[in-house]
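Next up, entry32.json (JSON, C-alpha atoms):
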```
[["chain", "number", "residue", "atom", "x", "y", "z"],
["A", 1, "MET", "CA", 91.40, 121.19, 130.59],
["A", 2, "SER", "CA", 89.38, 124.41, 130.84],
["A", 3, "LEU", "CA", 87.89, 126.29, 127.88],
["A", 4, "SER", "CA", 89.82, 129.38, 128.93],
["A", 5, "ILE", "CA", 93.07, 127.59, 128.10],
["A", 6, "TYR", "CA", 91.76, 126.54, 124.67],
["A", 7, "ASN", "CA", 90.74, 130.12, 123.95],
["A", 8, "LYS", "CA", 94.37, 131.25, 124.15],
["A", 9, "VAL", "CA", 95.02, 129.65, 120.76],
["A", 10, "ASN", "CA", 94.53, 132.04, 117.85],
["A", 11, "LEU", "CA", 92.04, 130.34, 115.55],
["A", 12, "ASN", "CA", 92.58, 132.87, 112.76],
["A", 13, "GLU", "CA", 96.20, 131.95, 112.10],
["A", 14, "PRO", "CA", 97.57, 128.63, 110.82],
["A", 15, "ALA", "CA", 98.92, 126.48, 113.62],
["A", 16, "PRO", "CA", 102.76, 126.33, 113.74],
["A", 17, "LEU", "CA", 102.52, 122.61, 113.15],
["A", 18, "SER", "CA", 103.19, 120.27, 110.21],
["A", 19, "VAL", "CA", 100.88, 117.32, 109.62],
["A", 20, "VAL", "CA", 102.59, 114.30, 108.02],
["A", 21, "ILE", "CA", 100.41, 111.55, 106.56],
["A", 22, "PRO", "CA", 102.05, 108.42, 105.13],
["A", 23, "THR", "CA", 99.60, 106.84, 102.67],
["A", 24, "TYR", "CA", 99.53, 103.71, 100.55],
["A", 25, "LYS", "CA", 96.84, 102.58, 98.10],
["A", 26, "ARG", "CA", 94.16, 104.81, 99.60],
["A", 27, "GLU", "CA", 91.68, 106.71, 97.46],
["A", 28, "GLN", "CA", 88.50, 108.49, 98.66],
["A", 29, "VAL", "CA", 89.24, 107.92, 102.33],
["A", 30, "LEU", "CA", 92.53, 109.82, 101.93],
["A", 31, "LEU", "CA", 90.70, 112.73, 100.30],
["A", 32, "ASP", "CA", 88.16, 112.71, 103.12],
["A", 33, "THR", "CA", 90.96, 112.80, 105.71],
["A", 34, "ILE", "CA", 92.51, 115.83, 104.01],
["A", 35, "GLU", "CA", 89.14, 117.60, 103.89],
["A", 36, "TYR", "CA", 88.58, 117.03, 107.61],
["A", 37, "LEU", "CA", 91.97, 118.56, 108.39],
["A", 38, "THR", "CA", 91.31, 121.66, 106.27],
["A", 39, "LEU", "CA", 88.25, 122.32, 108.46],
["A", 40, "GLN", "CA", 90.22, 122.34, 111.71],
["A", 41, "GLU", "CA", 90.44, 125.54, 113.77],
["A", 42, "PRO", "CA", 93.20, 126.47, 113.53],
["A", 43, "VAL", "CA", 94.28, 124.76, 110.32],
["A", 44, "PRO", "CA", 97.79, 123.27, 110.33],
["A", 45, "ALA", "CA", 100.47, 125.37, 108.65],
["A", 46, "GLU", "CA", 101.10, 122.52, 106.20],
["A", 47, "ILE", "CA", 99.91, 119.01, 105.37],
["A", 48, "LEU", "CA", 102.49, 116.68, 103.85],
["A", 49, "ILE", "CA", 101.04, 113.70, 102.00],
["A", 50, "MET", "CA", 103.78, 111.09, 101.81],
["A", 51, "ASP", "CA", 102.24, 109.12, 98.97],
["A", 52, "GLN", "CA", 103.59, 105.62, 98.33],
["A", 53, "THR", "CA", 100.75, 104.58, 96.03],
["A", 54, "PRO", "CA", 102.04, 103.35, 92.63],
["A", 55, "LYS", "CA", 99.04, 104.76, 90.76],
["A", 56, "HIS", "CA", 95.83, 106.37, 91.98],
["A", 57, "VAL", "CA", 92.48, 106.27, 90.23],
["A", 58, "SER", "CA", 92.10, 109.36, 88.07],
["A", 59, "VAL", "CA", 89.64, 111.09, 90.41],
["A", 60, "THR", "CA", 92.04, 110.86, 93.34],
["A", 61, "SER", "CA", 95.04, 112.02, 91.32],
["A", 62, "HIS", "CA", 93.09, 114.99, 89.99],
["A", 63, "LYS", "CA", 91.89, 116.00, 93.45],
["A", 64, "LEU", "CA", 95.34, 115.66, 95.02],
["A", 65, "ALA", "CA", 96.79, 117.78, 92.22],
["A", 66, "GLN", "CA", 94.15, 120.42, 92.93],
["A", 67, "TYR", "CA", 94.95, 120.37, 96.64],
["A", 68, "GLU", "CA", 98.63, 120.79, 95.83],
["A", 69, "LYS", "CA", 98.00, 123.64, 93.37],
["A", 70, "THR", "CA", 95.92, 125.58, 95.91],
["A", 71, "GLY", "CA", 98.48, 125.03, 98.68],
["A", 72, "LYS", "CA", 96.29, 122.81, 100.85],
["A", 73, "ILE", "CA", 98.85, 120.00, 100.77],
["A", 74, "ARG", "CA", 102.42, 119.21, 99.81],
["A", 75, "TRP", "CA", 102.17, 116.05, 97.72],
["A", 76, "ILE", "CA", 105.38, 114.02, 97.99],
["A", 77, "ARG", "CA", 105.39, 110.88, 95.86],
["A", 78, "LEU", "CA", 107.57, 107.94, 96.93],
["A", 79, "SER", "CA", 108.50, 104.91, 94.86],
["A", 80, "LYS", "CA", 108.59, 102.25, 97.57],
["A", 81, "PRO", "CA", 106.21, 101.67, 100.51],
["A", 82, "SER", "CA", 107.82, 102.09, 103.94],
["A", 83, "ILE", "CA", 106.06, 103.74, 106.86],
["A", 84, "PRO", "CA", 109.25, 104.65, 108.79],
["A", 85, "HIS", "CA", 110.94, 106.01, 105.66],
["A", 86, "ALA", "CA", 107.90, 108.11, 104.77],
["A", 87, "MET", "CA", 107.82, 109.48, 108.31],
["A", 88, "ASN", "CA", 111.56, 110.19, 108.33],
["A", 89, "LEU", "CA", 111.29, 112.05, 105.06],
["A", 90, "GLY", "CA", 108.32, 113.93, 106.46],
["A", 91, "LEU", "CA", 110.48, 115.02, 109.39],
["A", 92, "LYS", "CA", 113.18, 116.23, 107.01],
["A", 93, "LEU", "CA", 110.78, 118.18, 104.78],
["A", 94, "SER", "CA", 108.57, 119.68, 107.51],
["A", 95, "LYS", "CA", 108.94, 123.41, 107.95],
["A", 96, "GLN", "CA", 107.37, 123.69, 111.41],
["A", 97, "ALA", "CA", 108.81, 122.99, 114.86],
["A", 98, "ILE", "CA", 106.04, 120.53, 115.75],
["A", 99, "VAL", "CA", 105.18, 117.52, 113.57],
["A", 100, "LEU", "CA", 101.90, 115.65, 113.91],
["A", 101, "PHE", "CA", 101.79, 112.16, 112.37],
["A", 102, "LEU", "CA", 98.35, 110.91, 111.34],
["A", 103, "ASP", "CA", 96.89, 107.87, 109.60],
["A", 104, "ASP", "CA", 95.32, 108.34, 106.17],
["A", 105, "ASP", "CA", 91.91, 106.90, 107.13],
["A", 106, "ILE", "CA", 90.67, 108.93, 110.08],
["A", 107, "VAL", "CA", 87.92, 111.22, 111.27],
["A", 108, "PRO", "CA", 89.57, 113.81, 113.55],
["A", 109, "CYS", "CA", 87.73, 115.58, 116.35],
["A", 110, "LYS", "CA", 87.19, 119.31, 115.78],
["A", 111, "ILE", "CA", 89.96, 120.30, 118.20],
["A", 112, "LEU", "CA", 92.61, 117.79, 117.17],
["A", 113, "ILE", "CA", 95.16, 120.35, 115.94],
["A", 114, "LYS", "CA", 94.38, 122.76, 118.76],
["A", 115, "SER", "CA", 94.80, 120.07, 121.43],
["A", 116, "HIS", "CA", 98.18, 118.93, 120.13],
["A", 117, "LEU", "CA", 99.29, 122.54, 119.88],
["A", 118, "ILE", "CA", 98.28, 123.37, 123.44],
["A", 119, "ALA", "CA", 100.02, 120.28, 124.81],
["A", 120, "HIS", "CA", 103.28, 121.39, 123.18],
["A", 121, "ILE", "CA", 103.28, 125.16, 123.43],
["A", 122, "GLN", "CA", 101.35, 125.90, 126.61],
["A", 123, "ASN", "CA", 101.93, 122.71, 128.57],
["A", 124, "LYS", "CA", 105.56, 122.25, 127.41],
["A", 125, "HIS", "CA", 105.38, 118.60, 126.36],
["A", 126, "ASN", "CA", 107.77, 117.35, 123.67],
["A", 127, "ILE", "CA", 106.01, 114.12, 122.68],
["A", 128, "VAL", "CA", 102.22, 113.91, 122.73],
["A", 129, "ALA", "CA", 100.14, 110.79, 122.18],
["A", 130, "GLY", "CA", 96.59, 111.41, 121.04],
["A", 131, "ARG", "CA", 93.49, 109.33, 121.62],
["A", 132, "VAL", "CA", 92.67, 106.70, 118.99],
["A", 133, "LEU", "CA", 89.17, 105.24, 118.85],
["A", 134, "GLN", "CA", 89.02, 102.19, 116.61],
["A", 135, "ARG", "CA", 85.98, 101.31, 114.54],
["A", 136, "GLY", "CA", 82.98, 100.96, 116.90],
["A", 137, "GLU", "CA", 85.07, 101.67, 120.02],
["A", 138, "LYS", "CA", 83.80, 103.94, 122.81],
["A", 139, "VAL", "CA", 85.76, 106.19, 125.13],
["A", 140, "TYR", "CA", 87.33, 104.16, 127.93],
["A", 141, "ILE", "CA", 86.75, 105.54, 131.42],
["A", 142, "ASN", "CA", 90.28, 105.10, 132.69],
["A", 143, "ARG", "CA", 90.08, 105.16, 136.47],
["A", 144, "LYS", "CA", 93.19, 105.55, 138.57],
["A", 145, "ASN", "CA", 95.44, 102.45, 138.59],
["A", 146, "ALA", "CA", 93.39, 100.86, 135.79],
["A", 147, "PRO", "CA", 95.24, 99.58, 132.69],
["A", 148, "PHE", "CA", 95.86, 102.27, 130.07],
["A", 149, "ARG", "CA", 94.22, 102.15, 126.67],
["A", 150, "PHE", "CA", 94.54, 104.58, 123.77],
["A", 151, "SER", "CA", 90.78, 105.15, 124.05],
["A", 152, "SER", "CA", 91.25, 106.49, 127.59],
["A", 153, "ASN", "CA", 89.60, 109.67, 128.87],
["A", 154, "ARG", "CA", 92.37, 110.55, 131.37],
["A", 155, "HIS", "CA", 95.47, 112.72, 130.97],
["A", 156, "GLN", "CA", 98.59, 110.81, 131.97],
["A", 157, "PHE", "CA", 102.17, 110.02, 131.08],
["A", 158, "VAL", "CA", 102.54, 106.85, 129.00],
["A", 159, "SER", "CA", 105.32, 104.68, 127.59],
["A", 160, "GLU", "CA", 104.22, 104.46, 123.95],
["A", 161, "VAL", "CA", 102.34, 106.23, 121.17],
["A", 162, "MET", "CA", 100.18, 105.02, 118.31],
["A", 163, "GLY", "CA", 101.74, 105.96, 114.97],
["A", 164, "GLY", "CA", 98.43, 107.21, 113.57],
["A", 165, "ASN", "CA", 98.04, 110.09, 116.03],
["A", 166, "PHE", "CA", 101.02, 111.54, 117.83],
["A", 167, "SER", "CA", 103.06, 114.72, 117.69],
["A", 168, "VAL", "CA", 106.69, 115.45, 118.46],
["A", 169, "LYS", "CA", 109.11, 118.34, 118.40],
["A", 170, "ARG", "CA", 110.82, 118.06, 115.02],
["A", 171, "GLU", "CA", 114.38, 118.67, 116.22],
["A", 172, "LEU", "CA", 113.98, 116.17, 119.05],
["A", 173, "ALA", "CA", 112.77, 113.43, 116.70],
["A", 174, "ILE", "CA", 115.68, 114.07, 114.34],
["A", 175, "ASP", "CA", 118.18, 114.11, 117.23],
["A", 176, "LEU", "CA", 116.82, 110.73, 118.33],
["A", 177, "GLY", "CA", 117.47, 109.33, 114.85],
["A", 178, "GLY", "CA", 113.90, 109.36, 113.64],
["A", 179, "PHE", "CA", 112.30, 105.99, 112.98],
["A", 180, "ASP", "CA", 114.15, 102.74, 112.34],
["A", 181, "GLU", "CA", 113.57, 101.84, 108.69],
["A", 182, "ASN", "CA", 114.36, 98.19, 109.41],
["A", 183, "PHE", "CA", 110.71, 97.92, 110.42],
["A", 184, "ILE", "CA", 109.47, 96.86, 107.00],
["A", 185, "ASP", "CA", 106.04, 96.09, 105.48],
["A", 186, "VAL", "CA", 103.42, 96.86, 108.17],
["A", 187, "ALA", "CA", 106.23, 98.16, 110.42],
["A", 188, "TYR", "CA", 104.68, 96.56, 113.49],
["A", 189, "ARG", "CA", 106.14, 97.95, 116.76],
["A", 190, "PHE", "CA", 108.21, 100.70, 115.13],
["A", 191, "GLU", "CA", 106.55, 103.24, 117.45],
["A", 192, "ALA", "CA", 107.52, 101.22, 120.52],
["A", 193, "GLU", "CA", 111.17, 101.18, 119.48],
["A", 194, "PHE", "CA", 111.14, 104.96, 118.88],
["A", 195, "CYS", "CA", 109.49, 105.59, 122.25],
["A", 196, "GLU", "CA", 112.00, 103.36, 124.02],
["A", 197, "ARG", "CA", 114.84, 105.52, 122.69],
["A", 198, "ALA", "CA", 112.99, 108.69, 123.63],
["A", 199, "LEU", "CA", 112.35, 107.54, 127.20],
["A", 200, "LYS", "CA", 115.93, 106.38, 127.59],
["A", 201, "SER", "CA", 117.10, 109.88, 126.58],
["A", 202, "GLY", "CA", 115.09, 111.35, 129.46],
["A", 203, "GLU", "CA", 112.00, 112.44, 127.54],
["A", 204, "LYS", "CA", 108.42, 111.87, 128.68],
["A", 205, "ILE", "CA", 105.35, 111.02, 126.61],
["A", 206, "PHE", "CA", 102.13, 112.82, 127.52],
["A", 207, "TYR", "CA", 98.74, 111.38, 126.62],
["A", 208, "GLU", "CA", 96.20, 114.03, 125.61],
["A", 209, "PRO", "CA", 92.69, 112.53, 125.22],
["A", 210, "ALA", "CA", 91.30, 115.77, 123.76],
["A", 211, "ALA", "CA", 93.50, 115.19, 120.69],
["A", 212, "SER", "CA", 91.19, 112.48, 119.44],
["A", 213, "ILE", "CA", 90.66, 110.67, 116.15],
["A", 214, "ARG", "CA", 88.42, 107.88, 115.03],
["A", 215, "HIS", "CA", 90.43, 105.33, 113.06],
["A", 216, "LEU", "CA", 88.32, 103.88, 110.27],
["A", 217, "LYS", "CA", 90.60, 100.86, 109.66],
["A", 218, "THR", "CA", 89.67, 100.88, 105.98],
["A", 219, "TYR", "CA", 89.65, 97.33, 104.65],
["A", 220, "SER", "CA", 91.71, 98.04, 101.54],
["A", 221, "GLY", "CA", 95.08, 99.76, 101.17],
["A", 222, "GLY", "CA", 97.46, 100.73, 103.95],
["A", 223, "THR", "CA", 98.86, 97.90, 106.04],
["A", 224, "ARG", "CA", 95.90, 95.75, 104.92],
["A", 225, "SER", "CA", 97.70, 95.50, 101.55],
["A", 226, "PHE", "CA", 100.10, 93.01, 103.14],
["A", 227, "GLY", "CA", 97.40, 90.48, 103.97],
["A", 228, "HIS", "CA", 95.53, 89.54, 107.13],
["A", 229, "HIS", "CA", 97.93, 88.47, 109.88],
["A", 230, "LEU", "CA", 95.76, 85.47, 110.83],
["A", 231, "THR", "CA", 95.67, 83.88, 107.38],
["A", 232, "THR", "CA", 98.91, 84.50, 105.54],
["A", 233, "LEU", "CA", 102.27, 82.87, 105.00],
["A", 234, "LYS", "CA", 103.81, 86.32, 104.69],
["A", 235, "HIS", "CA", 105.95, 87.52, 107.57],
["A", 236, "SER", "CA", 104.79, 91.13, 107.14],
["A", 237, "HIS", "CA", 103.32, 91.28, 110.65],
["A", 238, "SER", "CA", 105.60, 88.97, 112.63],
["A", 239, "ILE", "CA", 108.92, 90.39, 111.45],
["A", 240, "GLY", "CA", 108.39, 93.68, 113.29],
["A", 241, "ALA", "CA", 107.48, 91.91, 116.52],
["A", 242, "TYR", "CA", 110.69, 89.85, 116.50],
["A", 243, "TYR", "CA", 112.89, 92.70, 115.32],
["A", 244, "TYR", "CA", 111.64, 94.87, 118.17],
["A", 245, "ILE", "CA", 112.42, 92.15, 120.73],
["A", 246, "LEU", "CA", 115.90, 91.67, 119.28],
["A", 247, "GLN", "CA", 116.60, 95.40, 118.96],
["A", 248, "SER", "CA", 115.11, 96.46, 122.30],
["A", 249, "LYS", "CA", 117.44, 97.59, 125.08],
["A", 250, "ARG", "CA", 115.33, 95.54, 127.47],
["A", 251, "LYS", "CA", 117.38, 92.35, 127.42],
["A", 252, "LYS", "CA", 115.63, 90.79, 130.41],
["A", 253, "ASN", "CA", 113.53, 87.74, 129.44],
["A", 254, "ARG", "CA", 114.38, 88.24, 125.77],
["A", 255, "LEU", "CA", 114.52, 84.51, 125.04],
["A", 256, "PHE", "CA", 111.21, 83.97, 126.82],
["A", 257, "ARG", "CA", 109.60, 86.78, 124.81],
["A", 258, "ILE", "CA", 110.84, 85.27, 121.56],
["A", 259, "LEU", "CA", 109.51, 81.83, 122.46],
["A", 260, "TRP", "CA", 106.24, 83.28, 123.76],
["A", 261, "ARG", "CA", 105.56, 85.30, 120.59],
["A", 262, "PRO", "CA", 104.26, 82.37, 118.43],
["A", 263, "LEU", "CA", 101.99, 81.22, 121.25],
["A", 264, "TYR", "CA", 100.73, 84.78, 121.72],
["A", 265, "ALA", "CA", 100.03, 85.03, 118.00],
["A", 266, "LEU", "CA", 97.86, 81.91, 118.22],
["A", 267, "LYS", "CA", 95.84, 83.23, 121.18],
["A", 268, "SER", "CA", 92.81, 84.02, 119.05],
["A", 269, "ARG", "CA", 89.31, 82.63, 118.89],
["A", 270, "PHE", "CA", 89.80, 82.55, 115.14],
["A", 271, "TYR", "CA", 92.12, 79.54, 115.46],
["A", 272, "LEU", "CA", 89.63, 77.67, 117.64],
["A", 273, "LYS", "CA", 87.17, 77.81, 114.76],
["A", 274, "HIS", "CA", 89.78, 77.51, 111.99],
["A", 275, "PRO", "CA", 92.58, 75.27, 113.37],
["A", 276, "TRP", "CA", 93.83, 74.45, 109.85],
["A", 277, "TRP", "CA", 95.35, 77.95, 109.74],
["A", 278, "ILE", "CA", 97.63, 77.24, 112.72],
["A", 279, "PRO", "CA", 100.49, 75.63, 110.71],
["A", 280, "ILE", "CA", 100.36, 78.54, 108.26],
["A", 281, "SER", "CA", 100.64, 81.02, 111.12],
["A", 282, "LEU", "CA", 103.57, 79.15, 112.69],
["A", 283, "ILE", "CA", 105.45, 79.16, 109.37],
["A", 284, "SER", "CA", 104.83, 82.91, 109.14],
["A", 285, "GLU", "CA", 106.25, 83.34, 112.66],
["A", 286, "LEU", "CA", 109.38, 81.36, 111.82],
["A", 287, "ARG", "CA", 109.94, 83.36, 108.65],
["A", 288, "GLY", "CA", 109.46, 86.56, 110.61],
["A", 289, "PHE", "CA", 112.06, 85.62, 113.20],
["A", 290, "TYR", "CA", 114.58, 84.60, 110.52],
["A", 291, "GLU", "CA", 114.22, 87.88, 108.61],
["A", 292, "ALA", "CA", 114.28, 89.91, 111.83],
["A", 293, "ALA", "CA", 117.51, 88.24, 112.90],
["A", 294, "LYS", "CA", 119.08, 89.16, 109.55],
["A", 295, "LEU", "CA", 118.01, 92.78, 109.97],
["A", 296, "LYS", "CA", 119.37, 92.82, 113.50],
["A", 297, "THR", "CA", 122.84, 91.81, 112.28],
["A", 298, "LYS", "CA", 122.86, 94.82, 109.91],
["A", 299, "GLY", "CA", 122.13, 97.28, 112.71],
["A", 300, "PRO", "CA", 119.34, 99.88, 112.92],
["A", 301, "LYS", "CA", 118.57, 102.12, 109.98],
["A", 302, "TYR", "CA", 117.92, 105.48, 111.59],
["A", 303, "LEU", "CA", 117.41, 108.88, 110.02],
["A", 304, "HIS", "CA", 121.06, 109.59, 110.75],
["A", 305, "PRO", "CA", 123.70, 107.95, 112.94],
["A", 306, "LEU", "CA", 123.09, 108.64, 116.64]]
```
Translate the structure described by the file into structure tokens.
Amino acid sequence: MSLSIYNKVNLNEPAPLSVVIPTYKREQVLLDTIEYLTLQEPVPAEILIMDQTPKHVSVTSHKLAQYEKTGKIRWIRLSKPSIPHAMNLGLKLSKQAIVLFLDDDIVPCKILIKSHLIAHIQNKHNIVAGRVLQRGEKVYINRKNAPFRFSSNRHQFVSEVMGGNFSVKRELAIDLGGFDENFIDVAYRFEAEFCERALKSGEKIFYEPAASIRHLKTYSGGTRSFGHHLTTLKHSHSIGAYYYILQSKRKKNRLFRILWRPLYALKSRFYLKHPWWIPISLISELRGFYEAAKLKTKGPKYLHPL
């Protein structure tokens, strides 16, 4: 994309875009993320911090209160952790036509806001997936017909987004029902289910590599609060995988995908070196399927009935 196109964005005015950041048990890294966003050109019109942390350390609470007092953020405190619920509430409370969802532990590129804005306003896309570089990951040179990765360098239409860096027209997201709050705990695959509904409605998802973040994958807080998926009896990770399979409109090979899931979960070098964790992982998978099946019988929990 040429520099002349970027120059059409007025850097002196706040971008007509709301940033929504669900956060849970994050301290300094959350403050750093907010600081990075306040240095963007243009700055977003508003930053909504959907805070699910029971109690911050005093330094963090004081700083967040300062940010709120000076109008840098809107600090919304929630009593129960749920990524989809926090995002749905963010959609409801956002005052701008475009909503950008970001993780709470990122380093954004200097033109993150600008790139999302251009993709929506000038290039007329309704759903935009940004680039996500994980810790230590380099940009992937995505040649034609090569498999897509979210570290890709090439503009293209894709079938999914990553929840930590994507933007959507607010009214469209609400019309689609927002995000299914049956994706509990780490909410694994909630983005895929949302994207499936969007694609079925006739929408397209555009991947904009210029809208790039580096995801720090901070070791404490966030989804890491629910334990490591390789070494836990908890079903926090597996439940989303099974619920997505059961809820998905793609019924073809559903039984195979359910049976394949435990084997896929065990396809890790970790288990070759630590085979005693395999029974634990299988129990976690069984618990995840059982809980997902119960959620499926209740029906999806969207922002509003479709």
Using all atoms listed in the file: which of A:Leu30, A:Val19, A:Leu246, A:Ala293 has the shortest distance to A:Lys63: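 When distances to A:Lys63 are compared using all atoms listed in the file, the smallest one comes from A:Leu30.
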Would you tabulate, counting all atoms listed in the file, all residues of stretch 103-134 of chain A that have an atom at most 8 Å from an atom of stretch 200-214 of chain A, showing the closest pair of atoms and their distance in Å to one decimal, sorted by chain then ascending number, as CSV?
```
residue,atom,partner,partner_atom,distance
A:Ile106,CA,A:Arg214,CA,5.5
A:Val107,CA,A:Arg214,CA,5.1
A:Pro108,CA,A:Ile213,CA,4.2
A:Cys109,CA,A:Ser212,CA,5.6
A:Ile111,CA,A:Ala211,CA,6.7
A:Leu112,CA,A:Ala211,CA,4.5
A:Ile113,CA,A:Ala211,CA,7.2
A:Lys114,CA,A:Ala211,CA,7.9
A:Ser115,CA,A:Ala211,CA,5.1
A:His116,CA,A:Ala211,CA,6.0
A:Ala119,CA,A:Glu208,CA,7.4
A:His125,CA,A:Phe206,CA,6.7
A:Asn126,CA,A:Ile205,CA,7.4
A:Ile127,CA,A:Ile205,CA,5.0
A:Val128,CA,A:Phe206,CA,4.9
A:Ala129,CA,A:Tyr207,CA,4.7
A:Gly130,CA,A:Ala211,CA,4.9
A:Arg131,CA,A:Ser212,CA,4.5
A:Val132,CA,A:Ile213,CA,5.3
A:Leu133,CA,A:Arg214,CA,4.7
A:Gln134,CA,A:Arg214,CA,5.9
```
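In this comparison, which uses all atoms listed in the file, the residue of A:Pro275, A:Tyr242, A:Asp175, A:Ile21 approaching A:Arg254 most closely is A:Tyr242.
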Within 12 Å of (107.6, 120.2, 101.4) (coordinates as in the file), grab all the protein and nucleic acid residues, counting all atoms listed in the file, and write them out as number ranges by chain. A: 18-20, 45-50, 68, 71-77, 89-96
Selection file, C-alpha atoms, as a PDB file, keeping the file's coordinate frame:
```
ATOM      1  CA  SER A  18     103.190 120.270 110.210  1.00  0.00           C
ATOM      2  CA  VAL A  19     100.880 117.320 109.620  1.00  0.00           C
ATOM      3  CA  VAL A  20     102.590 114.300 108.020  1.00  0.00           C
ATOM      4  CA  ALA A  45     100.470 125.370 108.650  1.00  0.00           C
ATOM      5  CA  GLU A  46     101.100 122.520 106.200  1.00  0.00           C
ATOM      6  CA  ILE A  47      99.910 119.010 105.370  1.00  0.00           C
ATOM      7  CA  LEU A  48     102.490 116.680 103.850  1.00  0.00           C
ATOM      8  CA  ILE A  49     101.040 113.700 102.000  1.00  0.00           C
ATOM      9  CA  MET A  50     103.780 111.090 101.810  1.00  0.00           C
ATOM     10  CA  GLU A  68      98.630 120.790  95.830  1.00  0.00           C
ATOM     11  CA  GLY A  71      98.480 125.030  98.680  1.00  0.00           C
ATOM     12  CA  LYS A  72      96.290 122.810 100.850  1.00  0.00           C
ATOM     13  CA  ILE A  73      98.850 120.000 100.770  1.00  0.00           C
ATOM     14  CA  ARG A  74     102.420 119.210  99.810  1.00  0.00           C
ATOM     15  CA  TRP A  75     102.170 116.050  97.720  1.00  0.00           C
ATOM     16  CA  ILE A  76     105.380 114.020  97.990  1.00  0.00           C
ATOM     17  CA  ARG A  77     105.390 110.880  95.860  1.00  0.00           C
ATOM     18  CA  LEU A  89     111.290 112.050 105.060  1.00  0.00           C
ATOM     19  CA  GLY A  90     108.320 113.930 106.460  1.00  0.00           C
ATOM     20  CA  LEU A  91     110.480 115.020 109.390  1.00  0.00           C
ATOM     21  CA  LYS A  92     113.180 116.230 107.010  1.00  0.00           C
ATOM     22  CA  LEU A  93     110.780 118.180 104.780  1.00  0.00           C
ATOM     23  CA  SER A  94     108.570 119.680 107.510  1.00  0.00           C
ATOM     24  CA  LYS A  95     108.940 123.410 107.950  1.00  0.00           C
ATOM     25  CA  GLN A  96     107.370 123.690 111.410  1.00  0.00           C
TER      26      GLN A  96
END
```
Atom CA of A:Thr60 and atom CA of A:Ile34 are how many Å apart?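 These atoms are spaced 11.8 Å apart.
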In Å to one decimal, how far is atom CA of A:Gln247 from atom CA of A:Leu286? 17.3 Å
To one decimal in Å, tell me the separation between atom CA of A:Glu27 and atom CA of A:Ala65. 13.3 Å
For A:Pro22, the closest of A:Ala97, A:Leu64, A:Leu259, A:Leu102 counting only C-alpha atoms is A:Leu102
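When only C-alpha atoms are used to measure the gap to A:Leu295, the shortest distance among A:Asn182, A:Asn165, A:Ser151, A:Ser268 belongs to A:Asn182.
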